[in-house]
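K.L.:
Contents of target_5.tsv (TSV, C-alpha atoms and all ligand atoms):
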chain	number	residue	atom	x	y	z
A	1	MET	CA	-44.82	-40.74	-34.94
A	2	THR	CA	-42.92	-38.17	-32.90
A	3	GLU	CA	-39.31	-37.79	-33.96
A	4	ARG	CA	-36.69	-39.04	-31.53
A	5	ILE	CA	-33.27	-37.61	-30.75
A	6	VAL	CA	-30.52	-39.31	-28.75
A	7	LEU	CA	-28.42	-36.92	-26.68
A	8	ALA	CA	-24.89	-37.51	-25.35
A	9	TYR	CA	-25.65	-36.84	-21.70
A	10	SER	CA	-23.09	-36.13	-18.96
A	11	GLY	CA	-25.45	-35.37	-16.09
A	12	GLY	CA	-24.16	-31.80	-15.86
A	13	LEU	CA	-26.09	-28.54	-16.19
A	14	ASP	CA	-25.68	-27.99	-19.92
A	15	THR	CA	-26.78	-31.40	-21.16
A	16	SER	CA	-29.55	-31.58	-18.53
A	17	VAL	CA	-31.01	-28.36	-19.86
A	18	ALA	CA	-30.41	-29.55	-23.42
A	19	ILE	CA	-33.03	-32.29	-22.92
A	20	GLY	CA	-35.89	-29.82	-22.54
A	21	TRP	CA	-34.31	-27.22	-24.79
A	22	ILE	CA	-34.10	-29.64	-27.73
A	23	GLY	CA	-37.62	-30.81	-26.99
A	24	GLU	CA	-39.01	-27.25	-27.11
A	25	ALA	CA	-37.02	-26.25	-30.20
A	26	THR	CA	-37.73	-29.35	-32.30
A	27	GLY	CA	-40.80	-31.04	-30.84
A	28	ALA	CA	-38.83	-34.29	-30.68
A	29	GLU	CA	-38.60	-36.79	-27.84
A	30	VAL	CA	-35.17	-36.91	-26.23
A	31	ILE	CA	-33.35	-40.06	-25.15
A	32	ALA	CA	-30.38	-39.44	-22.86
A	33	VAL	CA	-27.25	-41.54	-23.42
A	34	ALA	CA	-24.67	-41.66	-20.63
A	35	VAL	CA	-21.43	-43.58	-21.13
A	36	ASP	CA	-19.02	-44.38	-18.31
A	37	VAL	CA	-15.46	-44.09	-19.62
A	38	GLY	CA	-14.00	-43.90	-16.13
A	39	GLN	CA	-14.75	-40.23	-15.50
A	40	GLY	CA	-15.66	-40.96	-11.87
A	41	GLY	CA	-18.24	-38.89	-10.03
A	42	GLU	CA	-21.86	-39.90	-9.87
A	43	SER	CA	-23.21	-43.40	-10.49
A	44	LEU	CA	-24.87	-44.22	-13.79
A	45	GLU	CA	-28.11	-44.80	-11.90
A	46	THR	CA	-28.05	-41.27	-10.43
A	47	ILE	CA	-27.38	-39.89	-13.90
A	48	ARG	CA	-30.21	-41.97	-15.39
A	49	GLN	CA	-32.68	-40.67	-12.81
A	50	ARG	CA	-31.63	-37.09	-13.43
A	51	ALA	CA	-32.07	-37.49	-17.19
A	52	LEU	CA	-35.60	-38.79	-16.65
A	53	GLY	CA	-36.26	-36.00	-14.12
A	54	CYS	CA	-35.20	-33.47	-16.74
A	55	GLY	CA	-37.70	-34.79	-19.25
A	56	ALA	CA	-35.92	-37.54	-21.19
A	57	VAL	CA	-38.37	-40.19	-22.41
A	58	GLU	CA	-35.74	-42.90	-22.02
A	59	ALA	CA	-32.24	-43.14	-20.57
A	60	TYR	CA	-29.54	-45.42	-21.98
A	61	VAL	CA	-26.55	-45.91	-19.70
A	62	ALA	CA	-23.46	-48.01	-20.41
A	63	ASP	CA	-20.45	-48.99	-18.36
A	64	ALA	CA	-17.88	-48.77	-21.15
A	65	ARG	CA	-14.79	-48.64	-18.95
A	66	ASP	CA	-13.27	-51.93	-20.08
A	67	GLU	CA	-14.28	-51.33	-23.68
A	68	PHE	CA	-12.62	-47.90	-23.52
A	69	ALA	CA	-9.45	-49.25	-21.90
A	70	ASN	CA	-9.13	-52.26	-24.22
A	71	GLU	CA	-10.17	-50.82	-27.56
A	72	TYR	CA	-9.23	-47.14	-27.29
A	73	ALA	CA	-6.56	-46.61	-24.62
A	74	MET	CA	-4.51	-49.71	-25.56
A	75	PRO	CA	-4.19	-48.74	-29.24
A	76	THR	CA	-3.10	-45.28	-28.05
A	77	LEU	CA	-0.46	-46.94	-25.87
A	78	LYS	CA	0.74	-49.21	-28.67
A	79	ALA	CA	1.13	-46.11	-30.86
A	80	ASN	CA	2.85	-44.17	-28.03
A	81	ALA	CA	0.50	-41.50	-29.30
A	82	LEU	CA	1.25	-37.96	-28.15
A	83	TYR	CA	-0.33	-35.21	-30.25
A	84	GLN	CA	2.25	-32.47	-30.88
A	85	GLY	CA	4.62	-34.51	-28.75
A	86	HIS	CA	2.70	-33.85	-25.54
A	87	TYR	CA	-0.97	-34.76	-25.40
A	88	PRO	CA	-2.00	-38.42	-24.93
A	89	LEU	CA	-5.37	-37.84	-26.67
A	90	VAL	CA	-7.50	-38.12	-23.54
A	91	SER	CA	-10.69	-36.53	-24.90
A	92	ALA	CA	-10.01	-37.47	-28.51
A	93	ILE	CA	-10.18	-41.22	-27.84
A	94	SER	CA	-13.30	-41.03	-25.67
A	95	ARG	CA	-15.44	-39.55	-28.46
A	96	PRO	CA	-15.43	-42.59	-30.76
A	97	VAL	CA	-16.53	-44.95	-27.98
A	98	ILE	CA	-19.33	-42.56	-27.03
A	99	VAL	CA	-20.28	-42.34	-30.71
A	100	LYS	CA	-20.60	-46.13	-30.89
A	101	HIS	CA	-23.06	-46.09	-27.99
A	102	LEU	CA	-24.96	-43.11	-29.41
A	103	VAL	CA	-25.48	-44.91	-32.70
A	104	LYS	CA	-26.43	-48.14	-30.88
A	105	ALA	CA	-28.97	-46.22	-28.77
A	106	ALA	CA	-30.34	-44.44	-31.86
A	107	ARG	CA	-31.00	-47.85	-33.44
A	108	GLU	CA	-32.51	-49.30	-30.27
A	109	PHE	CA	-34.90	-46.40	-29.71
A	110	GLY	CA	-35.61	-45.52	-33.34
A	111	ALA	CA	-34.01	-42.08	-33.29
A	112	THR	CA	-33.21	-40.12	-36.45
A	113	THR	CA	-30.87	-37.55	-34.93
A	114	VAL	CA	-27.94	-37.45	-32.55
A	115	ALA	CA	-27.27	-34.45	-30.29
A	116	HIS	CA	-24.18	-33.47	-28.31
A	117	GLY	CA	-23.24	-30.62	-26.00
A	118	CYS	CA	-20.15	-29.32	-27.82
A	119	THR	CA	-19.59	-25.73	-28.88
A	120	GLY	CA	-18.82	-24.69	-32.44
A	121	LYS	CA	-15.18	-23.85	-31.66
A	122	GLY	CA	-13.65	-27.13	-30.60
A	123	ASN	CA	-12.46	-30.49	-31.83
A	124	ASP	CA	-15.08	-32.57	-30.10
A	125	GLN	CA	-17.99	-31.48	-32.32
A	126	VAL	CA	-15.94	-32.72	-35.28
A	127	ARG	CA	-15.09	-36.03	-33.60
A	128	PHE	CA	-18.72	-36.69	-32.68
A	129	GLU	CA	-20.19	-35.76	-36.02
A	130	VAL	CA	-17.56	-37.36	-38.26
A	131	GLY	CA	-17.93	-40.54	-36.17
A	132	ILE	CA	-21.71	-40.46	-36.42
A	133	GLN	CA	-21.63	-39.81	-40.17
A	134	THR	CA	-19.36	-42.82	-40.56
A	135	LEU	CA	-21.21	-45.30	-38.33
A	136	GLY	CA	-24.73	-44.05	-39.01
A	137	PRO	CA	-24.75	-42.22	-42.36
A	138	ASP	CA	-28.54	-41.82	-42.21
A	139	LEU	CA	-28.41	-40.02	-38.84
A	140	LYS	CA	-28.56	-36.23	-38.54
A	141	CYS	CA	-26.56	-34.26	-35.95
A	142	ILE	CA	-27.54	-31.30	-33.81
A	143	ALA	CA	-25.61	-29.38	-31.15
A	144	PRO	CA	-27.88	-27.18	-28.99
A	145	VAL	CA	-25.06	-24.92	-27.80
A	146	ARG	CA	-23.93	-24.32	-31.39
A	147	ASP	CA	-27.19	-24.66	-33.35
A	148	LEU	CA	-29.96	-23.71	-30.88
A	149	ALA	CA	-28.30	-20.78	-29.09
A	150	LEU	CA	-28.12	-22.52	-25.71
A	151	THR	CA	-25.75	-20.26	-23.78
A	152	ARG	CA	-24.65	-20.80	-20.18
A	153	ASP	CA	-26.84	-17.96	-18.87
A	154	LYS	CA	-29.88	-19.27	-20.71
A	155	ALA	CA	-29.17	-22.76	-19.37
A	156	ILE	CA	-29.18	-21.53	-15.77
A	157	ALA	CA	-32.36	-19.49	-16.33
A	158	PHE	CA	-34.07	-22.47	-18.02
A	159	ALA	CA	-33.10	-24.89	-15.21
A	160	GLU	CA	-34.44	-22.50	-12.57
A	161	GLU	CA	-37.63	-21.69	-14.44
A	162	LYS	CA	-38.45	-25.38	-15.01
A	163	GLY	CA	-37.22	-26.47	-11.59
A	164	LEU	CA	-34.88	-29.08	-13.07
A	165	PRO	CA	-33.22	-31.41	-10.55
A	166	ILE	CA	-29.78	-29.94	-11.14
A	167	GLU	CA	-27.47	-27.60	-9.24
A	168	THR	CA	-27.18	-24.22	-10.98
A	169	THR	CA	-25.24	-22.32	-8.32
A	170	LYS	CA	-21.98	-24.26	-8.21
A	171	LYS	CA	-19.86	-22.25	-10.58
A	172	ASN	CA	-16.80	-23.99	-11.92
A	173	PRO	CA	-14.71	-21.50	-13.88
A	174	TYR	CA	-13.12	-24.28	-15.96
A	175	SER	CA	-14.25	-26.60	-18.70
A	176	ILE	CA	-13.21	-30.09	-17.66
A	177	ASP	CA	-13.31	-33.37	-19.54
A	178	GLN	CA	-12.05	-36.52	-17.87
A	179	ASN	CA	-11.89	-40.27	-18.21
A	180	VAL	CA	-9.64	-43.06	-16.97
A	181	TRP	CA	-6.92	-42.17	-19.53
A	182	GLY	CA	-6.64	-38.62	-18.17
A	183	ARG	CA	-8.14	-35.24	-17.52
A	184	ALA	CA	-8.31	-32.01	-19.55
A	185	VAL	CA	-8.91	-28.55	-18.08
A	186	GLU	CA	-9.32	-25.31	-20.00
A	187	THR	CA	-10.87	-21.81	-20.12
A	188	GLY	CA	-11.15	-19.07	-17.51
A	189	TYR	CA	-7.93	-17.92	-15.91
A	190	LEU	CA	-5.95	-20.37	-18.06
A	191	GLU	CA	-6.80	-18.43	-21.23
A	192	ASP	CA	-4.02	-16.00	-20.31
A	193	ILE	CA	-1.21	-18.30	-21.39
A	194	TRP	CA	1.28	-16.57	-19.09
A	195	ASN	CA	-0.78	-17.56	-16.03
A	196	ALA	CA	0.58	-20.60	-14.24
A	197	PRO	CA	-2.08	-23.16	-13.29
A	198	THR	CA	-3.18	-22.90	-9.68
A	199	LYS	CA	-3.31	-25.93	-7.37
A	200	ASP	CA	-7.10	-26.27	-7.52
A	201	ILE	CA	-6.92	-27.15	-11.21
A	202	TYR	CA	-5.44	-30.57	-10.51
A	203	ASP	CA	-7.31	-33.63	-9.39
A	204	TYR	CA	-5.57	-36.78	-10.71
A	205	THR	CA	-2.10	-35.68	-9.57
A	206	ALA	CA	-0.55	-34.49	-6.31
A	207	THR	CA	1.96	-31.63	-6.27
A	208	PRO	CA	5.28	-33.07	-7.44
A	209	GLU	CA	7.28	-30.53	-5.40
A	210	PHE	CA	6.63	-32.39	-2.14
A	211	PRO	CA	6.59	-36.03	-3.17
A	212	PRO	CA	6.28	-39.02	-0.89
A	213	ALA	CA	9.14	-41.57	-0.88
A	214	PRO	CA	10.05	-42.89	-4.36
A	215	ASP	CA	7.77	-45.65	-5.63
A	216	GLU	CA	9.40	-48.41	-7.70
A	217	VAL	CA	7.05	-50.32	-9.94
A	218	THR	CA	7.50	-53.21	-12.37
A	219	ILE	CA	5.13	-53.32	-15.31
A	220	SER	CA	4.89	-56.52	-17.37
A	221	PHE	CA	3.75	-56.33	-20.98
A	222	GLN	CA	2.52	-58.96	-23.40
A	223	ALA	CA	2.46	-57.92	-27.07
A	224	GLY	CA	2.39	-54.23	-26.14
A	225	VAL	CA	-0.32	-54.48	-23.49
A	226	PRO	CA	0.24	-54.28	-19.71
A	227	VAL	CA	-0.69	-57.60	-18.11
A	228	ALA	CA	0.80	-57.39	-14.60
A	229	ILE	CA	1.96	-54.79	-12.10
A	230	ASP	CA	4.53	-55.93	-9.54
A	231	GLY	CA	3.72	-59.50	-10.53
A	232	ILE	CA	-0.01	-59.15	-9.95
A	233	LYS	CA	-2.17	-59.80	-12.99
A	234	VAL	CA	-4.18	-56.81	-14.23
A	235	THR	CA	-6.58	-55.98	-17.02
A	236	PRO	CA	-5.76	-52.90	-19.12
A	237	LEU	CA	-8.36	-50.94	-17.12
A	238	GLN	CA	-6.81	-52.01	-13.82
A	239	ALA	CA	-3.31	-51.18	-15.07
A	240	ILE	CA	-4.39	-47.64	-15.94
A	241	GLN	CA	-6.28	-47.22	-12.65
A	242	GLU	CA	-3.40	-48.54	-10.53
A	243	LEU	CA	-0.88	-46.29	-12.26
A	244	ASN	CA	-3.22	-43.32	-12.06
A	245	ARG	CA	-3.12	-43.82	-8.32
A	246	ARG	CA	0.61	-44.49	-7.91
A	247	ALA	CA	2.02	-42.15	-10.56
A	248	GLY	CA	-0.63	-39.57	-9.62
A	249	ALA	CA	0.58	-39.57	-6.01
A	250	GLN	CA	4.02	-38.60	-7.35
A	251	GLY	CA	2.72	-35.82	-9.59
A	252	VAL	CA	3.60	-37.70	-12.79
A	253	GLY	CA	1.83	-36.73	-16.02
A	254	ARG	CA	1.07	-33.03	-15.66
A	255	ILE	CA	1.05	-31.35	-19.05
A	256	ASP	CA	0.57	-27.64	-19.78
A	257	VAL	CA	0.38	-26.85	-23.50
A	258	VAL	CA	-0.92	-24.53	-26.16
A	259	GLU	CA	-2.12	-26.89	-28.87
A	260	ASP	CA	-3.30	-26.55	-32.45
A	261	ARG	CA	-6.98	-27.36	-32.72
A	262	LEU	CA	-8.37	-28.81	-35.90
A	263	VAL	CA	-10.50	-25.68	-36.40
A	264	GLY	CA	-7.38	-23.49	-36.61
A	265	ILE	CA	-7.39	-21.99	-33.14
A	266	LYS	CA	-4.45	-22.29	-30.76
A	267	SER	CA	-5.74	-23.10	-27.30
A	268	ARG	CA	-4.24	-23.63	-23.87
A	269	GLU	CA	-5.01	-26.86	-22.09
A	270	ILE	CA	-3.84	-28.44	-18.85
A	271	TYR	CA	-3.78	-32.24	-18.85
A	272	GLU	CA	-3.19	-34.77	-16.13
A	273	ALA	CA	-2.55	-38.29	-17.29
A	274	PRO	CA	-0.45	-40.07	-14.68
A	275	GLY	CA	-1.33	-43.64	-15.68
A	276	ALA	CA	-1.19	-42.94	-19.40
A	277	MET	CA	2.18	-41.18	-19.24
A	278	ALA	CA	3.74	-43.82	-16.99
A	279	LEU	CA	2.48	-46.57	-19.31
A	280	ILE	CA	3.62	-44.83	-22.50
A	281	THR	CA	7.08	-44.27	-20.98
A	282	ALA	CA	7.39	-47.91	-19.92
A	283	HIS	CA	6.02	-49.20	-23.24
A	284	LYS	CA	8.39	-47.04	-25.27
A	285	HIS	CA	11.37	-48.34	-23.29
A	286	LEU	CA	10.27	-51.92	-23.86
A	287	GLU	CA	9.98	-51.22	-27.60
A	288	ASP	CA	13.53	-49.87	-27.50
A	289	ILE	CA	14.84	-53.37	-26.77
A	290	THR	CA	12.31	-55.45	-28.70
A	291	ILE	CA	11.75	-53.61	-31.99
A	292	GLU	CA	14.36	-53.58	-34.75
A	293	ARG	CA	15.95	-50.23	-35.51
A	294	GLU	CA	14.43	-49.40	-38.92
A	295	GLN	CA	11.00	-50.66	-37.88
A	296	ALA	CA	11.22	-48.57	-34.70
A	297	ARG	CA	12.14	-45.42	-36.61
A	298	PHE	CA	9.32	-45.87	-39.04
A	299	LYS	CA	6.90	-46.67	-36.23
A	300	ALA	CA	7.65	-43.32	-34.58
A	301	THR	CA	6.47	-41.58	-37.76
A	302	VAL	CA	3.41	-43.79	-37.98
A	303	GLY	CA	2.58	-43.13	-34.33
A	304	GLN	CA	2.75	-39.40	-34.89
A	305	ARG	CA	0.45	-39.59	-37.92
A	306	TRP	CA	-1.89	-41.89	-35.98
A	307	ALA	CA	-2.09	-39.29	-33.19
A	308	GLU	CA	-2.92	-36.54	-35.70
A	309	LEU	CA	-5.67	-38.60	-37.32
A	310	VAL	CA	-7.21	-39.46	-33.96
A	311	TYR	CA	-6.93	-35.87	-32.76
A	312	ASP	CA	-8.58	-34.72	-35.98
A	313	GLY	CA	-11.62	-36.95	-35.52
A	314	GLN	CA	-10.61	-39.66	-38.03
A	315	TRP	CA	-10.84	-42.63	-35.63
A	316	PHE	CA	-13.03	-44.61	-38.03
A	317	SER	CA	-11.13	-43.65	-41.19
A	318	PRO	CA	-9.48	-46.12	-43.60
A	319	LEU	CA	-6.00	-44.61	-43.10
A	320	LYS	CA	-6.26	-44.91	-39.33
A	321	ARG	CA	-7.32	-48.54	-39.76
A	322	SER	CA	-4.32	-49.25	-42.00
A	323	LEU	CA	-1.94	-47.63	-39.53
A	324	ASP	CA	-3.50	-49.77	-36.78
A	325	ALA	CA	-2.56	-52.86	-38.75
A	326	PHE	CA	1.05	-51.70	-39.03
A	327	ILE	CA	1.27	-50.79	-35.35
A	328	GLU	CA	-0.31	-54.08	-34.31
A	329	ASP	CA	2.25	-55.97	-36.39
A	330	THR	CA	5.11	-54.20	-34.58
A	331	GLN	CA	3.83	-55.30	-31.18
A	332	GLN	CA	4.35	-59.04	-31.66
A	333	TYR	CA	7.58	-59.11	-29.59
A	334	VAL	CA	6.86	-56.20	-27.24
A	335	SER	CA	6.72	-58.45	-24.21
A	336	GLY	CA	8.69	-58.29	-21.00
A	337	ASP	CA	9.18	-56.29	-17.82
A	338	ILE	CA	9.99	-52.64	-17.27
A	339	ARG	CA	11.02	-51.40	-13.86
A	340	MET	CA	10.55	-47.71	-13.21
A	341	VAL	CA	10.78	-45.26	-10.34
A	342	LEU	CA	7.93	-42.83	-9.87
A	343	HIS	CA	9.08	-39.76	-7.99
A	344	GLY	CA	8.75	-35.99	-7.96
A	345	GLY	CA	6.77	-35.69	-11.18
A	346	GLN	CA	8.93	-38.12	-13.12
A	347	ALA	CA	8.66	-41.73	-14.22
A	348	ILE	CA	12.18	-42.96	-14.88
A	349	VAL	CA	12.93	-46.41	-16.22
A	350	ASN	CA	15.86	-48.14	-14.51
A	351	GLY	CA	15.59	-51.76	-15.66
A	352	ARG	CA	14.23	-53.89	-18.48
A	353	ARG	CA	14.15	-57.59	-19.34
A	354	SER	CA	12.53	-59.56	-22.12
A	355	GLU	CA	12.60	-63.05	-23.60
A	356	THR	CA	12.17	-61.42	-27.01
A	357	SER	CA	14.83	-58.75	-26.57
A	358	LEU	CA	17.21	-57.75	-29.38
A	359	TYR	CA	19.78	-56.53	-26.88
A	360	ASP	CA	22.80	-58.78	-27.26
A	361	PHE	CA	25.18	-58.51	-24.32
A	362	ASP	CA	28.00	-60.24	-26.21
A	363	LEU	CA	27.77	-57.74	-29.05
A	364	ALA	CA	27.40	-54.71	-26.78
A	365	THR	CA	30.00	-55.40	-24.11
A	366	TYR	CA	33.30	-53.53	-23.93
A	367	ASP	CA	34.74	-56.28	-21.79
A	368	THR	CA	37.06	-58.89	-23.28
A	369	GLY	CA	35.33	-61.74	-25.04
A	370	ASP	CA	32.90	-59.69	-27.10
A	371	THR	CA	31.68	-61.28	-30.32
A	372	PHE	CA	31.78	-58.09	-32.39
A	373	ASP	CA	34.53	-57.99	-35.01
A	374	GLN	CA	35.73	-54.37	-34.92
A	375	SER	CA	37.67	-54.73	-38.16
A	376	MET	CA	34.36	-54.73	-40.06
A	377	ALA	CA	33.73	-51.10	-39.07
A	378	ARG	CA	36.37	-49.50	-41.33
A	379	GLY	CA	34.90	-50.77	-44.61
A	380	PHE	CA	31.39	-50.02	-43.43
A	381	ILE	CA	32.23	-46.39	-42.67
A	382	GLU	CA	33.99	-46.00	-46.02
A	383	LEU	CA	30.84	-47.05	-47.90
A	384	TRP	CA	28.42	-45.24	-45.56
A	385	GLY	CA	30.17	-41.93	-46.27
A	386	MET	CA	30.76	-42.59	-49.97
A	387	SER	CA	27.89	-40.64	-51.51
A	388	SER	CA	28.49	-37.53	-49.38
A	389	LYS	CA	32.18	-37.71	-50.14
A	390	VAL	CA	31.55	-37.88	-53.89
A	391	ALA	CA	29.12	-34.92	-53.62
A	392	SER	CA	31.50	-32.79	-51.61
A	393	GLY	CA	34.21	-33.51	-54.20
A	394	ARG	CA	31.86	-32.15	-56.85
A	395	ASP	CA	31.07	-29.07	-54.70
A	396	LEU	CA	34.78	-28.25	-54.34
A	397	ARG	CA	35.36	-28.73	-58.05
A	398	VAL	CA	32.48	-26.44	-59.04
A	399	ALA	CA	33.51	-23.78	-56.49
A	400	GLY	CA	37.09	-23.82	-57.91
A	401	GLU	CA	36.03	-23.35	-61.54
B	501	LIG	N1	-8.12	-30.03	-26.23
B	501	LIG	C1	-8.46	-31.40	-26.01
B	501	LIG	C2	-8.87	-32.06	-27.28
B	501	LIG	O1	-9.24	-31.39	-28.19
B	501	LIG	C3	-9.50	-31.57	-24.93
B	501	LIG	C4	-10.88	-31.06	-25.28
B	501	LIG	C5	-11.85	-31.02	-24.10
B	501	LIG	N2	-11.29	-30.23	-23.04
B	501	LIG	C6	-11.97	-29.69	-22.04
B	501	LIG	N3	-11.27	-29.15	-21.08
B	501	LIG	N4	-13.26	-29.68	-21.98
B	501	LIG	O2	-8.83	-33.27	-27.39
Would it be possible to restate this file's structure as structure tokens?

P.N.:
Amino acid sequence: MTERIVLAYSGGLDTSVAIGWIGEATGAEVIAVAVDVGQGGESLETIRQRALGCGAVEAYVADARDEFANEYAMPTLKANALYQGHYPLVSAISRPVIVKHLVKAAREFGATTVAHGCTGKGNDQVRFEVGIQTLGPDLKCIAPVRDLALTRDKAIAFAEEKGLPIETTKKNPYSIDQNVWGRAVETGYLEDIWNAPTKDIYDYTATPEFPPAPDEVTISFQAGVPVAIDGIKVTPLQAIQELNRRAGAQGVGRIDVVEDRLVGIKSREIYEAPGAMALITAHKHLEDITIEREQARFKATVGQRWAELVYDGQWFSPLKRSLDAFIEDTQQYVSGDIRMVLHGGQAIVNGRRSETSLYDFDLATYDTGDTFDQSMARGFIELWGMSSKVASGRDLRVAGE
């Protein structure tokens, strides 16, 4: 029987050419797998037809938008995950959901190998292949760009020679990856890290310098997940979409960073994640009133580690799973409303309320009638400073000898 390979297919030039390229190099039949994670653009049906037109023997397409929002974006929100303090893991969280569908398609169509369009220099090859190794240990991996010398020039020549139903003239100087959680843009002019991004780079966000009137929004959460916007019930997917639109119109969520890739290269990336950044900001502020101090401090460390693991392609790892359990446990009381103003590139919280809040007005107030006994503070401070005081006494003694 002819060997079968499932290919992660975007519908673009490179993966369209990869269908025939893999076929010629390996003699295998190629099955194209297209997964909708909210990247927009063409319909799945258009993409399916193109895959078949480019020589795929079968095309597997999946609308995974809700799955992605519920099972990948929401855990990222609960973790307040920002890699290196900036990046909300846009591409990093889309790879594991695509991997799940690749492995499912491999089983359905009896494939032995999984192919993807990544280069040998980035994080995404690692995320795909570590995920595939974990979910389908018997499956092999191949990357035509990395392993079969499929360069851009050769791809264009191949598409023209074979008359593939794909545009080869439209030259986008950037490498773009996008989904409902955000958008990542790199390469070209941006590789000079002193160059400021030009306007044409952005798509999810409007220029924050000339914002429309401020937009006040109330986001309601239930156990860490957004459930309503301005009192109207929403699914996680709808919450992200709605905030992409409203925060995007105000230029919220533009990020310009040089980040540390897993493979040891520093690389410049421009992100736009208006919905994600507005949600993370709101969620964090709700945690500030609903999570106890020590638990909150520890959670910040856990969230950072979680972001590193996910960035590094360890979505399906045991440690990530254990951290998920901790984070999930912290979300029990993260319910309530956050009011925020979206304006001029910023999302600023100006009100919060929660039935499960730890904010105690009577303890906090400086007005008369507070319930806090200030006389307790003196003894507390005495003990809190005790060990440092003893140590500094020793230091003085040793210095005087
Ligand atoms: N640097 C990001 C990451 O490693 C995004 C990778 C894809 N970016 C792109 N513009 N194609 O998660």

K.L.:
What separation in Å, quoted to one decimal, exists between CA of Met277 in chain A and CA of Ile232 in chain A?

P.N.:
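Straight-line distance from CA of Met277 in chain A to CA of Ile232 in chain A works out to 20.3 Å.
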
K.L.:
Which one is closest to Leu279 in chain A: A:Thr301, A:Thr76, A:Gln39, A:Thr205? Count only C-alpha atoms.

P.N.:
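With only C-alpha atoms as the atom set, the closest residue is A:Thr76.
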
K.L.:
Kindly compile the residues surrounding ligand LIG 501 (chain B) within 10 Å, counting all atoms listed in the file, and format them as a PyMOL selection string.

P.N.:
chain A and resi 83+87-95+118+122-127+174-178+183-187+257-262+266-271+310-313

K.L.:
Measuring atom to atom with all atoms listed in the file, identify which of A:Arg107, A:Arg50, A:Lys78, A:His86 is nearest to Glu308 in chain A.

P.N.:
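Of the candidates, the smallest distance to Glu308 in chain A is held by A:His86.
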
K.L.:
When distances are computed from all atoms listed in the file, which of A:Ala8, A:Ile193, A:Ala276, A:Ala25 shows the smallest separation from Glu129 in chain A?

P.N.:
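Between A:Ala8, A:Ile193, A:Ala276, A:Ala25, the residue approaching Glu129 in chain A most closely is A:Ala8.
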
K.L.:
Leaving out Arg65 in chain A and any residue of its chain fewer than 2 positions from it, which residues lie within 9 Å of it when counting all atoms listed in the file, given as a list in words?

P.N.:
Val35, Asp36, Val37, Gly38, Ala62, Asp63, Glu67, Phe68, Ala69, Asn70, Asn179, Val180 and Leu237 of chain A

K.L.:
At a cut-off of 12 Å, using all atoms listed in the file, what residues contact Glu355 in chain A? Leave out same-chain residues fewer than 4 positions from it and give the result as a compact mmCIF listing (two decimals) with C-alpha atoms, in the coordinates of the input.

P.N.:
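Wrote selection_2.txt, looks like this:
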# COMPACT_ATOMS: atom_id res chain seq x y z
CA SER A 220 4.89 -56.52 -17.37
CA PHE A 221 3.75 -56.33 -20.98
CA GLN A 222 2.52 -58.96 -23.40
CA ALA A 223 2.46 -57.92 -27.07
CA LEU A 286 10.27 -51.92 -23.86
CA ILE A 289 14.84 -53.37 -26.77
CA THR A 290 12.31 -55.45 -28.70
CA TYR A 333 7.58 -59.11 -29.59
CA VAL A 334 6.86 -56.20 -27.24
CA SER A 335 6.72 -58.45 -24.21
CA GLY A 336 8.69 -58.29 -21.00
CA ASP A 337 9.18 -56.29 -17.82
CA TYR A 359 19.78 -56.53 -26.88
CA ASP A 360 22.80 -58.78 -27.26

K.L.:
Record the distance separating CA of Ile338 in chain A and CA of Thr218 in chain A, expressed in Å with one decimal.

P.N.:
5.5 Å

K.L.:
With a distance cut-off of 6 Å and only C-alpha atoms, select the neighbouring residues of Gly253 in chain A, excluding the residue or stretch itself and same-chain residues fewer than 3 positions from it, and output the selection as a PyMOL selection string.

P.N.:
chain A and resi 272-274+277

K.L.:
List as a ChimeraX atom specification the protein and nucleic acid residues near Thr207 in chain A, meaning an atom at most 12 Å away when all atoms listed in the file are counted, but skip any in the same chain fewer than 2 places from it.

P.N.:
/A:197-205,209-212,247-254,272,343-346

K.L.:
Which of these, A:Phe326, A:Trp194, A:Phe372, A:Trp181, has the shortest distance to Trp306 in chain A once you count only C-alpha atoms?

P.N.:
A:Phe326

K.L.:
Give the answer as one residue: which of A:Ala213, A:Ala155, A:Val6, A:Ala56 has the shortest atom-to-atom distance to Val341 in chain A, using only C-alpha atoms?

P.N.:
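For Val341 in chain A, the nearest of the given residues is A:Ala213.
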
K.L.:
Please measure the separation of CA of Ile22 in chain A and CA of Leu148 in chain A, giving the value in Å to one decimal.

P.N.:
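Between CA of Ile22 in chain A and CA of Leu148 in chain A the gap is 7.9 Å.
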
K.L.:
Counting all atoms listed in the file, which of A:Pro236, A:Gly303, A:Gly110, A:Pro214 gets nearest to Asp324 in chain A?

P.N.:
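Among the listed residues, A:Gly303 lies closest to Asp324 in chain A.
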
K.L.:
Set up a box along x, y and z of the file covering all listed atoms of range 378-382 of chain A, add 6 Å on every one of the six sides, and write the centre and edge lengths in Å to one decimal, as lines of an AutoDock Vina configuration file.

P.N.:
center_x = 33.9
center_y = -48.4
center_z = -43.7
size_x = 17.0
size_y = 16.8
size_z = 16.7

K.L.:
Using all atoms listed in the file and a cutoff of 7 Å, can you tell me which residues are near (-2.7, -48.9, -12.5) in the file's coordinates, and write them out as a ChimeraX atom specification?

P.N.:
/A:238-245,275
